[in-house]
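Worksheet: the structure to be examined is printed underneath.
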Amino acid sequence: MIFSELADWLTDPANWTGDGGLLQRVAEHLRYTVIAVLGAAVVAVPLGLAVGHSGRGGTVVVGLANAMRALPTLGVITLLSLQLGILRVGPVLLGLGILAVPPILAGSYAGVQSVDRAVVDAAAGVGMTSWQRLWRVEVPIAMPLLLGGLRGAVLQVVATGTVAAYVGLGGLGRPLLDGLRVTDYPRVAGAAVVVAVLAVLLDLVLAAVQRQIVPRGLRLASRTVSGVA
Amino acid sequence: MIHDLVKYLSNPRNQDAVVHLLLVHIRLALVPLLIGLLAALPIGWAAQRYRRVRALVLGASNVLYTVPSLALFVILPSIIGTRILDELNVVVALALYTAALLVRPVVDALDALPAHVLAAATAVGYRPVRRFLTVELPLAVPVLAAGVRVASVSNISLVSVGALIGVGGLGQLFTEGFQNAYNPPIVVGIALTLALALVVDLLLVAGRSLLTPWQGQRAGRRRLVGAA
Amino acid sequence: MTRTWTRLLSALATGALAVGLTACGSSNPLTPAGTTAGGADNTIVVGSADFTENVLLAEIYAGALRGAGAKVTVKPRVGTREALVKGLQDKSLGVVPEYSGNLLAYLDKSATQTTPDEVYTALKAKVPSGLTVLQQSQAEDSDVLVVTQQTATQNNLATVEDLGPKCGDYVFGAAGEWKQRWEAKIKQLYGCTFKEIRTTDAGGPVTVEALKGGQVQVANLFTTASAIKANGFVQLKDTKRMYPAQNVVPFGRTDALGEAAAAALNKVSAALTTDKLTALVARVEVDKENAADVAADFLRDSGIPS
């Protein structure tokens, strides 16, 4: 019974177009996701690569990433909203960014760590500088795990981004929470389905990017860590 | 800010409320962890053995994990017939997430088992079930433990979201604090969530060491939680 | 391998024991909450909606019920009226603090009564079987449309009638359920169609911030909210009585509220006035006092045992 109501709600164009329609919400949700993940990547990828490459500070970084995973996003966003101003998008972006850092950091670090020491040795033996070793050898080999971490981050941020609506912002959390308030379950389920589909689509896009970037030889050799990491 | 925090924490009613919410939170996070693990074992075993099942199961678990937890909490009553305020909604939803999360580590762990060990066990006369329980599972513990650690942190964080439907353990501190524009409950909630995650993680690491006496400390030390 | 088995079993047993201990003293997660019917020695579950005043009222009810000898659990911030009514119907909740006019409008969409007595009489007739409303209080907390002082002066706004024709210029902020409940009625009564209706929250910080910051020009707050006075907001008079009388009234299950319980809640209703309620709400919203503390003070000052 609920599935037919859900299908009706999803196929009704009135729910998609116009002010507050699903298209607008998807655009908002996408915006939050992209900015949060990119921001997190800007911080986490260099950090993960640096620590993995130098081999020092690993325990600290690992501990930090794990601790960040435990931060409850709803708590972080409500606290930041009260501190930095309600209805400002900063708190949400920061909160989602914090969520995205651990998987990306873990992926970058694990990626560099996974490079066979013998290969690094060989690179050094051939005369590559530390910088060259990093960019020409370690990073390409690290790509699968790094991108896997990115994909995991995108997944988490898309699913959790619904929280933004609680502090008054937009995104797909808006129809979710509003539908919840009036127990309009088709709306709630519909919003959930759109979130899931959005996540899957983004993951497919990143998978395609991964296929382009990762050298063929590596693709055959390594197994990617996708999904949740 | 510190002054507010002290004022908030020194009120015995607040203390009682916080402790009560903490206990609810522990229950809501850990019971699904156990259920999800127990469910993931047979499913993962089937997925590792049969290729079609593997594709189906891994795909399904990926998709399940993308469903926003809030939506799942809300839809479940209509599907499983519980009442709207039942904690069971959160428990079932989180058990589903945990199972979805843990299926892949189970498959990975079983994949990584050295074939000669399994062959030896079969040669000595172990039947499949006994081999699974007494040889494959114990060897799978390290990889499983990593997955369970990730799932436990994830659950502890997701339980807070339940506050948006009136069930939520420490999450209720966030909604209450926000509604009253008052920081202390939120700060206390975040701190306790972190502390809980840390304690549970330490217990899981201790549990893993207990179950794998043949593995030295060195093997697990710098392993990242979640990296396979 | 029996040693590993023993270790595994003992680890699991310890874990189960730990989790089990947390269940002591709190409800078992696997049995539904509040199954026991109310009455003298069973637990009454008091629920509330997700705004501060309602949480406070729930604590006041809870205190009075304890004073009457009942065991009470409070479930704050359950959600909106829909969730609360569902909770009452599936026996998760025993009683909730409600507002006569809005409850009547929810139970009977075509209701037209506006004065306190008319609304109450109509309400009593519309309550579903198994549920009941006790005596209502003279304390009222109504929805109200507010604007900033600046908007009011610049556009000569004192009543909703003044607002009506100008609505098309304004963005309106309210809780998610407002649109469904009132959009048609405000158009019918005042000819008002807002440029946009934006979801903020139920008279909470998001709505206040949106109004202050100008993201919305008109907002829906509650008459007892401390934010109105604190920010100098102007309340627009509802001359045509779109919002009916909103007297505070206990709404609950007949099997949950025995005689002693009902008597205690009626005492609360008798003692509560709009001014007192506003002052109590301010103590929680502005002074950040614990709602249960404030409730206890009120009960003590009114001579109601708790």
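Identifiers for the structure tokens are assigned positionally: chains receive A, B, ... in sequence, residues are indexed from 1 per chain, and ligands are indexed from 1 in the order shown.
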
Which chain B residues have any atom within 9 Å of an atom of chain C, and for each, what is the nearest pair of atoms with distance in Å to one decimal, counting only C-alpha atoms, rows sorted by chain and number, as JSON lines?
```
{"residue": "B:Tyr8", "atom": "CA", "partner": "C:Asn290", "partner_atom": "CA", "distance": 8.5}
{"residue": "B:Asn11", "atom": "CA", "partner": "C:Asn290", "partner_atom": "CA", "distance": 8.2}
{"residue": "B:Arg13", "atom": "CA", "partner": "C:Asn290", "partner_atom": "CA", "distance": 7.5}
{"residue": "B:Asn14", "atom": "CA", "partner": "C:Asn290", "partner_atom": "CA", "distance": 7.1}
{"residue": "B:His20", "atom": "CA", "partner": "C:Ser26", "partner_atom": "CA", "distance": 8.1}
{"residue": "B:Leu23", "atom": "CA", "partner": "C:Thr22", "partner_atom": "CA", "distance": 5.5}
{"residue": "B:Val24", "atom": "CA", "partner": "C:Thr22", "partner_atom": "CA", "distance": 7.5}
{"residue": "B:Ile26", "atom": "CA", "partner": "C:Thr22", "partner_atom": "CA", "distance": 7.4}
{"residue": "B:Arg27", "atom": "CA", "partner": "C:Val19", "partner_atom": "CA", "distance": 6.1}
{"residue": "B:Leu28", "atom": "CA", "partner": "C:Pro29", "partner_atom": "CA", "distance": 8.0}
{"residue": "B:Leu30", "atom": "CA", "partner": "C:Val19", "partner_atom": "CA", "distance": 7.3}
{"residue": "B:Val31", "atom": "CA", "partner": "C:Val19", "partner_atom": "CA", "distance": 7.4}
{"residue": "B:Thr82", "atom": "CA", "partner": "C:Pro32", "partner_atom": "CA", "distance": 8.1}
{"residue": "B:Arg83", "atom": "CA", "partner": "C:Asp90", "partner_atom": "CA", "distance": 6.4}
{"residue": "B:Ile84", "atom": "CA", "partner": "C:Gly87", "partner_atom": "CA", "distance": 6.4}
{"residue": "B:Leu85", "atom": "CA", "partner": "C:Ser92", "partner_atom": "CA", "distance": 6.4}
{"residue": "B:Asp86", "atom": "CA", "partner": "C:Pro32", "partner_atom": "CA", "distance": 5.7}
{"residue": "B:Glu87", "atom": "CA", "partner": "C:Pro29", "partner_atom": "CA", "distance": 5.6}
{"residue": "B:Leu88", "atom": "CA", "partner": "C:Leu30", "partner_atom": "CA", "distance": 6.0}
{"residue": "B:Val91", "atom": "CA", "partner": "C:Pro29", "partner_atom": "CA", "distance": 8.2}
{"residue": "B:Leu133", "atom": "CA", "partner": "C:Trp5", "partner_atom": "CA", "distance": 8.8}
{"residue": "B:Thr134", "atom": "CA", "partner": "C:Met1", "partner_atom": "CA", "distance": 6.0}
{"residue": "B:Val135", "atom": "CA", "partner": "C:Met1", "partner_atom": "CA", "distance": 7.8}
{"residue": "B:Pro138", "atom": "CA", "partner": "C:Thr4", "partner_atom": "CA", "distance": 7.4}
{"residue": "B:Ala163", "atom": "CA", "partner": "C:Arg77", "partner_atom": "CA", "distance": 8.3}
{"residue": "B:Leu164", "atom": "CA", "partner": "C:Gly79", "partner_atom": "CA", "distance": 7.8}
{"residue": "B:Ile165", "atom": "CA", "partner": "C:Val78", "partner_atom": "CA", "distance": 6.0}
{"residue": "B:Gly166", "atom": "CA", "partner": "C:Val78", "partner_atom": "CA", "distance": 4.2}
{"residue": "B:Val167", "atom": "CA", "partner": "C:Val78", "partner_atom": "CA", "distance": 7.7}
{"residue": "B:Gln172", "atom": "CA", "partner": "C:Arg77", "partner_atom": "CA", "distance": 8.3}
{"residue": "B:Thr175", "atom": "CA", "partner": "C:Arg77", "partner_atom": "CA", "distance": 8.6}
{"residue": "B:Glu176", "atom": "CA", "partner": "C:Thr52", "partner_atom": "CA", "distance": 8.3}
{"residue": "B:Phe178", "atom": "CA", "partner": "C:Pro205", "partner_atom": "CA", "distance": 7.5}
{"residue": "B:Gln179", "atom": "CA", "partner": "C:Gly204", "partner_atom": "CA", "distance": 5.8}
{"residue": "B:Asn180", "atom": "CA", "partner": "C:Glu285", "partner_atom": "CA", "distance": 5.6}
{"residue": "B:Ala181", "atom": "CA", "partner": "C:Pro205", "partner_atom": "CA", "distance": 6.6}
{"residue": "B:Tyr182", "atom": "CA", "partner": "C:Lys288", "partner_atom": "CA", "distance": 7.0}
{"residue": "B:Gly207", "atom": "CA", "partner": "C:Ala11", "partner_atom": "CA", "distance": 6.8}
{"residue": "B:Leu210", "atom": "CA", "partner": "C:Arg7", "partner_atom": "CA", "distance": 6.9}
{"residue": "B:Leu211", "atom": "CA", "partner": "C:Thr4", "partner_atom": "CA", "distance": 6.2}
{"residue": "B:Thr212", "atom": "CA", "partner": "C:Thr4", "partner_atom": "CA", "distance": 8.0}
{"residue": "B:Pro213", "atom": "CA", "partner": "C:Thr4", "partner_atom": "CA", "distance": 8.8}
```

**OP:** Enumerate, as number ranges by chain, the complete set of residues in stretch 75-120 of chain B that a backbone-based DSSP assignment places in helix (DSSP H, G or I).
**Re:** B: 75-80, 87-111, 115-120

Selection file, N, CA and C atoms, as a JSON list (two decimals), in the first residue's frame:
```
[["chain", "number", "residue", "atom", "x", "y", "z"],
["B", 75, "ILE", "N", 9.89, 4.92, 8.55],
["B", 75, "ILE", "CA", 9.14, 4.00, 7.69],
["B", 75, "ILE", "C", 8.93, 2.65, 8.34],
["B", 76, "LEU", "N", 9.87, 2.22, 9.16],
["B", 76, "LEU", "CA", 9.82, 0.88, 9.75],
["B", 76, "LEU", "C", 8.50, 0.55, 10.44],
["B", 77, "PRO", "N", 7.94, 1.48, 11.25],
["B", 77, "PRO", "CA", 6.67, 1.12, 11.90],
["B", 77, "PRO", "C", 5.63, 0.64, 10.91],
["B", 78, "SER", "N", 5.57, 1.28, 9.73],
["B", 78, "SER", "CA", 4.56, 0.84, 8.77],
["B", 78, "SER", "C", 4.88, -0.54, 8.23],
["B", 79, "ILE", "N", 6.17, -0.88, 8.17],
["B", 79, "ILE", "CA", 6.53, -2.15, 7.57],
["B", 79, "ILE", "C", 6.50, -3.29, 8.58],
["B", 80, "ILE", "N", 7.03, -3.05, 9.78],
["B", 80, "ILE", "CA", 7.08, -4.16, 10.72],
["B", 80, "ILE", "C", 6.04, -4.05, 11.82],
["B", 87, "GLU", "N", 11.36, 1.88, 20.76],
["B", 87, "GLU", "CA", 12.80, 1.89, 20.54],
["B", 87, "GLU", "C", 13.17, 0.83, 19.53],
["B", 88, "LEU", "N", 12.31, -0.16, 19.39],
["B", 88, "LEU", "CA", 12.57, -1.25, 18.45],
["B", 88, "LEU", "C", 12.81, -0.74, 17.04],
["B", 89, "ASN", "N", 12.15, 0.37, 16.68],
["B", 89, "ASN", "CA", 12.35, 0.94, 15.34],
["B", 89, "ASN", "C", 13.81, 1.27, 15.12],
["B", 90, "VAL", "N", 14.39, 1.94, 16.12],
["B", 90, "VAL", "CA", 15.79, 2.32, 16.00],
["B", 90, "VAL", "C", 16.68, 1.08, 16.03],
["B", 91, "VAL", "N", 16.33, 0.12, 16.90],
["B", 91, "VAL", "CA", 17.16, -1.08, 17.01],
["B", 91, "VAL", "C", 17.17, -1.86, 15.70],
["B", 92, "VAL", "N", 15.99, -2.07, 15.12],
["B", 92, "VAL", "CA", 15.93, -2.82, 13.86],
["B", 92, "VAL", "C", 16.67, -2.08, 12.75],
["B", 93, "ALA", "N", 16.42, -0.77, 12.65],
["B", 93, "ALA", "CA", 17.07, 0.00, 11.59],
["B", 93, "ALA", "C", 18.59, -0.08, 11.72],
["B", 94, "LEU", "N", 19.10, 0.12, 12.93],
["B", 94, "LEU", "CA", 20.54, 0.08, 13.12],
["B", 94, "LEU", "C", 21.10, -1.32, 12.92],
["B", 95, "ALA", "N", 20.31, -2.34, 13.27],
["B", 95, "ALA", "CA", 20.77, -3.72, 13.02],
["B", 95, "ALA", "C", 20.92, -3.94, 11.52],
["B", 96, "LEU", "N", 19.98, -3.39, 10.74],
["B", 96, "LEU", "CA", 20.08, -3.51, 9.28],
["B", 96, "LEU", "C", 21.33, -2.83, 8.77],
["B", 97, "TYR", "N", 21.60, -1.60, 9.27],
["B", 97, "TYR", "CA", 22.80, -0.89, 8.85],
["B", 97, "TYR", "C", 24.06, -1.66, 9.23],
["B", 98, "THR", "N", 24.06, -2.19, 10.46],
["B", 98, "THR", "CA", 25.23, -2.93, 10.92],
["B", 98, "THR", "C", 25.46, -4.14, 10.04],
["B", 99, "ALA", "N", 24.39, -4.88, 9.77],
["B", 99, "ALA", "CA", 24.53, -6.07, 8.93],
["B", 99, "ALA", "C", 25.06, -5.67, 7.56],
["B", 100, "ALA", "N", 24.49, -4.58, 6.99],
["B", 100, "ALA", "CA", 24.95, -4.12, 5.68],
["B", 100, "ALA", "C", 26.44, -3.78, 5.72],
["B", 101, "LEU", "N", 26.86, -3.15, 6.79],
["B", 101, "LEU", "CA", 28.26, -2.75, 6.95],
["B", 101, "LEU", "C", 29.17, -3.95, 7.11],
["B", 102, "LEU", "N", 28.70, -4.98, 7.83],
["B", 102, "LEU", "CA", 29.59, -6.07, 8.21],
["B", 102, "LEU", "C", 29.65, -7.20, 7.19],
["B", 103, "VAL", "N", 28.72, -7.23, 6.25],
["B", 103, "VAL", "CA", 28.74, -8.31, 5.27],
["B", 103, "VAL", "C", 30.04, -8.30, 4.49],
["B", 104, "ARG", "N", 30.47, -7.10, 4.07],
["B", 104, "ARG", "CA", 31.70, -7.04, 3.28],
["B", 104, "ARG", "C", 32.93, -7.52, 4.04],
["B", 105, "PRO", "N", 33.16, -7.08, 5.28],
["B", 105, "PRO", "CA", 34.30, -7.63, 6.03],
["B", 105, "PRO", "C", 34.22, -9.14, 6.20],
["B", 106, "VAL", "N", 33.00, -9.67, 6.40],
["B", 106, "VAL", "CA", 32.89, -11.13, 6.54],
["B", 106, "VAL", "C", 33.36, -11.78, 5.25],
["B", 107, "VAL", "N", 32.89, -11.27, 4.11],
["B", 107, "VAL", "CA", 33.30, -11.83, 2.82],
["B", 107, "VAL", "C", 34.81, -11.69, 2.64],
["B", 108, "ASP", "N", 35.33, -10.49, 2.91],
["B", 108, "ASP", "CA", 36.77, -10.27, 2.77],
["B", 108, "ASP", "C", 37.56, -11.20, 3.66],
["B", 109, "ALA", "N", 37.09, -11.34, 4.90],
["B", 109, "ALA", "CA", 37.82, -12.18, 5.84],
["B", 109, "ALA", "C", 37.85, -13.63, 5.36],
["B", 110, "LEU", "N", 36.69, -14.11, 4.93],
["B", 110, "LEU", "CA", 36.63, -15.50, 4.47],
["B", 110, "LEU", "C", 37.45, -15.69, 3.20],
["B", 111, "ASP", "N", 37.45, -14.68, 2.34],
["B", 111, "ASP", "CA", 38.27, -14.74, 1.12],
["B", 111, "ASP", "C", 39.74, -14.89, 1.45],
["B", 115, "ALA", "N", 44.20, -21.09, 1.99],
["B", 115, "ALA", "CA", 43.54, -22.31, 1.48],
["B", 115, "ALA", "C", 44.11, -23.57, 2.10],
["B", 116, "HIS", "N", 45.42, -23.53, 2.40],
["B", 116, "HIS", "CA", 46.02, -24.77, 2.91],
["B", 116, "HIS", "C", 45.51, -25.11, 4.31],
["B", 117, "VAL", "N", 45.16, -24.06, 5.07],
["B", 117, "VAL", "CA", 44.60, -24.31, 6.41],
["B", 117, "VAL", "C", 43.23, -24.97, 6.29],
["B", 118, "LEU", "N", 42.43, -24.44, 5.38],
["B", 118, "LEU", "CA", 41.10, -25.02, 5.19],
["B", 118, "LEU", "C", 41.21, -26.45, 4.70],
["B", 119, "ALA", "N", 42.15, -26.65, 3.77],
["B", 119, "ALA", "CA", 42.34, -28.00, 3.23],
["B", 119, "ALA", "C", 42.75, -28.95, 4.34],
["B", 120, "ALA", "N", 43.65, -28.46, 5.19],
["B", 120, "ALA", "CA", 44.12, -29.30, 6.31],
["B", 120, "ALA", "C", 42.95, -29.67, 7.20]]
```

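For the residues C:Pro97, C:Gly213, C:Gly258, C:Pro165, ranking by smallest atom-to-atom distance to chain A using only C-alpha atoms places C:Gly213 first.
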
Can you check which parts of chain A lie within 9 Å of chain C? Per residue, the shortest pair of atoms and distance in Å to one decimal, counting only C-alpha atoms, sorted by chain and number, as CSV.
```
residue,atom,partner,partner_atom,distance
A:Asp19,CA,C:Glu196,CA,8.1
A:Gly20,CA,C:Arg198,CA,8.5
A:Gly85,CA,C:Glu209,CA,8.4
A:Ile86,CA,C:Val206,CA,6.3
A:Leu87,CA,C:Val206,CA,6.8
A:Ala165,CA,C:Thr200,CA,8.9
A:Tyr166,CA,C:Asp201,CA,8.3
A:Val167,CA,C:Val206,CA,6.7
A:Gly168,CA,C:Thr200,CA,5.2
A:Leu169,CA,C:Thr200,CA,8.2
A:Arg174,CA,C:Thr199,CA,8.2
A:Leu177,CA,C:Gly176,CA,7.9
A:Asp178,CA,C:Gly176,CA,4.9
A:Gly179,CA,C:Gly176,CA,8.0
A:Leu180,CA,C:Gly79,CA,8.6
A:Arg181,CA,C:Thr80,CA,5.6
A:Val182,CA,C:Glu177,CA,6.0
A:Thr183,CA,C:Glu82,CA,6.4
```

**OP:** Do me a favour and pick out the residues of chain A within 8 Å of chain B, using only C-alpha atoms, as a PyMOL selection string.
**Re:** chain A and resi 58-59+62+66-67+69-76+78-79+82+106-107+110+155-156+158-160+162+176+180+185+188-189+192-193+195-196+199-200+225+227-229

**OP:** Would you kindly return, as a PyMOL selection string, each protein, DNA or RNA residue with an atom no farther than 9 Å from any atom of C:Leu280, considering only C-alpha atoms and excluding same-chain residues fewer than 3 positions away?
**Re:** chain C and resi 53+56+275-277+283-285+291+294-295+298

Keeping N, CA and C atoms for every residue in the selection just given, could you write it to a file as an mmCIF file, in the first residue's frame?
```cif
data_model
loop_
_atom_site.group_PDB
_atom_site.id
_atom_site.type_symbol
_atom_site.label_atom_id
_atom_site.label_comp_id
_atom_site.auth_asym_id
_atom_site.auth_seq_id
_atom_site.Cartn_x
_atom_site.Cartn_y
_atom_site.Cartn_z
ATOM 1 N N GLU C 53 7.537 25.309 25.565
ATOM 2 C CA GLU C 53 6.413 25.468 26.476
ATOM 3 C C GLU C 53 5.705 24.144 26.714
ATOM 4 N N LEU C 56 7.553 22.055 29.072
ATOM 5 C CA LEU C 56 7.327 22.546 30.430
ATOM 6 C C LEU C 56 5.982 22.072 30.964
ATOM 7 N N ASP C 275 -0.504 34.665 32.174
ATOM 8 C CA ASP C 275 0.660 35.411 32.679
ATOM 9 C C ASP C 275 1.644 34.492 33.376
ATOM 10 N N LYS C 276 1.106 33.599 34.205
ATOM 11 C CA LYS C 276 2.002 32.691 34.923
ATOM 12 C C LYS C 276 2.771 31.833 33.918
ATOM 13 N N LEU C 277 2.027 31.324 32.923
ATOM 14 C CA LEU C 277 2.662 30.455 31.931
ATOM 15 C C LEU C 277 3.778 31.189 31.200
ATOM 16 N N ARG C 283 11.482 31.598 32.140
ATOM 17 C CA ARG C 283 12.536 31.037 32.992
ATOM 18 C C ARG C 283 13.298 29.929 32.276
ATOM 19 N N VAL C 284 12.597 29.134 31.456
ATOM 20 C CA VAL C 284 13.282 28.062 30.741
ATOM 21 C C VAL C 284 13.997 28.598 29.512
ATOM 22 N N GLU C 285 13.306 29.472 28.762
ATOM 23 C CA GLU C 285 13.888 29.933 27.493
ATOM 24 C C GLU C 285 15.011 30.938 27.697
ATOM 25 N N ALA C 291 13.494 22.504 32.941
ATOM 26 C CA ALA C 291 12.033 22.579 32.887
ATOM 27 C C ALA C 291 11.381 21.900 34.089
ATOM 28 N N VAL C 294 11.476 24.211 37.108
ATOM 29 C CA VAL C 294 10.488 25.281 37.013
ATOM 30 C C VAL C 294 9.098 24.718 37.286
ATOM 31 N N ALA C 295 8.840 23.518 36.760
ATOM 32 C CA ALA C 295 7.541 22.886 36.988
ATOM 33 C C ALA C 295 7.325 22.640 38.473
ATOM 34 N N PHE C 298 6.390 25.795 40.279
ATOM 35 C CA PHE C 298 5.010 26.192 40.022
ATOM 36 C C PHE C 298 4.041 25.367 40.867
#
```

Original post:
What's the 10 Å shell around A:Ala41, counting only C-alpha atoms, without same-chain residues fewer than 2 positions away, as an MDAnalysis selection string?
Top reply: chainID A and resid 35:39 43:48 97 100:105 108 149:150 153

Okay, now the selection with C-alpha atoms, as a compact mmCIF listing (two decimals), in the first residue's frame?
```txt
# COMPACT_ATOMS: atom_id res chain seq x y z
CA ILE A 35 31.56 21.71 -1.01
CA ALA A 36 31.86 19.61 2.14
CA VAL A 37 33.67 16.73 0.43
CA LEU A 38 35.98 19.00 -1.57
CA GLY A 39 36.81 20.98 1.54
CA VAL A 43 42.65 19.02 4.07
CA ALA A 44 42.70 15.25 4.27
CA VAL A 45 44.40 14.16 1.05
CA PRO A 46 47.64 16.15 1.53
CA LEU A 47 47.71 15.15 5.18
CA GLY A 48 47.20 11.46 4.43
CA GLY A 97 33.20 18.32 6.23
CA ALA A 100 34.01 13.47 5.32
CA VAL A 101 37.58 13.83 6.60
CA PRO A 102 38.08 10.40 8.25
CA PRO A 103 37.30 8.20 5.23
CA ILE A 104 39.35 10.41 2.90
CA LEU A 105 42.24 10.57 5.35
CA SER A 108 44.92 8.45 1.35
CA GLY A 149 37.91 6.76 0.61
CA LEU A 150 36.45 9.61 -1.40
CA ALA A 153 32.94 10.03 2.14
```

Original post:
Where in stretch 109-295 of chain C does DSSP assign strand (DSSP E or B), given as an MDAnalysis selection string?
Top reply: chainID C and resid 131:133 140 143:147 159 171:174 196:199 218:222 234:237 247:253

File of the preceding selection, C-alpha atoms, as a PDB file, in the first residue's frame:
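New file part.pdb:
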```pdb
ATOM      1  CA  LEU C 131      -9.569   9.416  24.435  1.00  0.00           C
ATOM      2  CA  THR C 132     -10.710  12.317  26.571  1.00  0.00           C
ATOM      3  CA  VAL C 133     -10.053  15.975  27.335  1.00  0.00           C
ATOM      4  CA  GLU C 140      -3.892  30.368  26.579  1.00  0.00           C
ATOM      5  CA  ASP C 143      -0.223  31.067  17.389  1.00  0.00           C
ATOM      6  CA  VAL C 144       0.385  34.650  16.362  1.00  0.00           C
ATOM      7  CA  LEU C 145       1.765  36.325  13.275  1.00  0.00           C
ATOM      8  CA  VAL C 146       4.598  38.679  14.114  1.00  0.00           C
ATOM      9  CA  VAL C 147       6.748  41.174  12.267  1.00  0.00           C
ATOM     10  CA  THR C 159      -3.530  43.679  12.479  1.00  0.00           C
ATOM     11  CA  VAL C 171       8.199  35.617   2.812  1.00  0.00           C
ATOM     12  CA  PHE C 172       6.574  33.822   5.736  1.00  0.00           C
ATOM     13  CA  GLY C 173       8.345  31.558   8.197  1.00  0.00           C
ATOM     14  CA  ALA C 174       6.599  28.880  10.231  1.00  0.00           C
ATOM     15  CA  GLU C 196       6.751  32.166  -0.174  1.00  0.00           C
ATOM     16  CA  ILE C 197       6.122  29.999   2.869  1.00  0.00           C
ATOM     17  CA  ARG C 198       9.413  28.806   4.269  1.00  0.00           C
ATOM     18  CA  THR C 199       9.786  26.112   6.896  1.00  0.00           C
ATOM     19  CA  VAL C 218       6.485  37.636   8.754  1.00  0.00           C
ATOM     20  CA  ALA C 219       6.732  34.727  11.157  1.00  0.00           C
ATOM     21  CA  ASN C 220       4.498  32.469  13.202  1.00  0.00           C
ATOM     22  CA  LEU C 221       5.364  32.436  16.896  1.00  0.00           C
ATOM     23  CA  PHE C 222       3.494  31.564  20.078  1.00  0.00           C
ATOM     24  CA  VAL C 234       4.976  43.304  16.919  1.00  0.00           C
ATOM     25  CA  GLN C 235       2.105  40.862  17.272  1.00  0.00           C
ATOM     26  CA  LEU C 236      -0.482  41.335  14.506  1.00  0.00           C
ATOM     27  CA  LYS C 237      -3.992  41.192  15.921  1.00  0.00           C
ATOM     28  CA  ASN C 247      -6.683  27.068  26.051  1.00  0.00           C
ATOM     29  CA  VAL C 248      -4.291  24.606  27.561  1.00  0.00           C
ATOM     30  CA  VAL C 249      -6.077  21.323  28.116  1.00  0.00           C
ATOM     31  CA  PRO C 250      -4.914  17.792  29.040  1.00  0.00           C
ATOM     32  CA  PHE C 251      -5.659  15.294  26.274  1.00  0.00           C
ATOM     33  CA  GLY C 252      -5.259  11.634  27.068  1.00  0.00           C
ATOM     34  CA  ARG C 253      -6.496   8.055  27.213  1.00  0.00           C
TER      35      ARG C 253
END
```

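The smallest atom-to-atom distance between C:Gly191 and any of C:Glu161, C:Lys71, C:Ala227, C:Ala279, using only C-alpha atoms, is found for C:Glu161.
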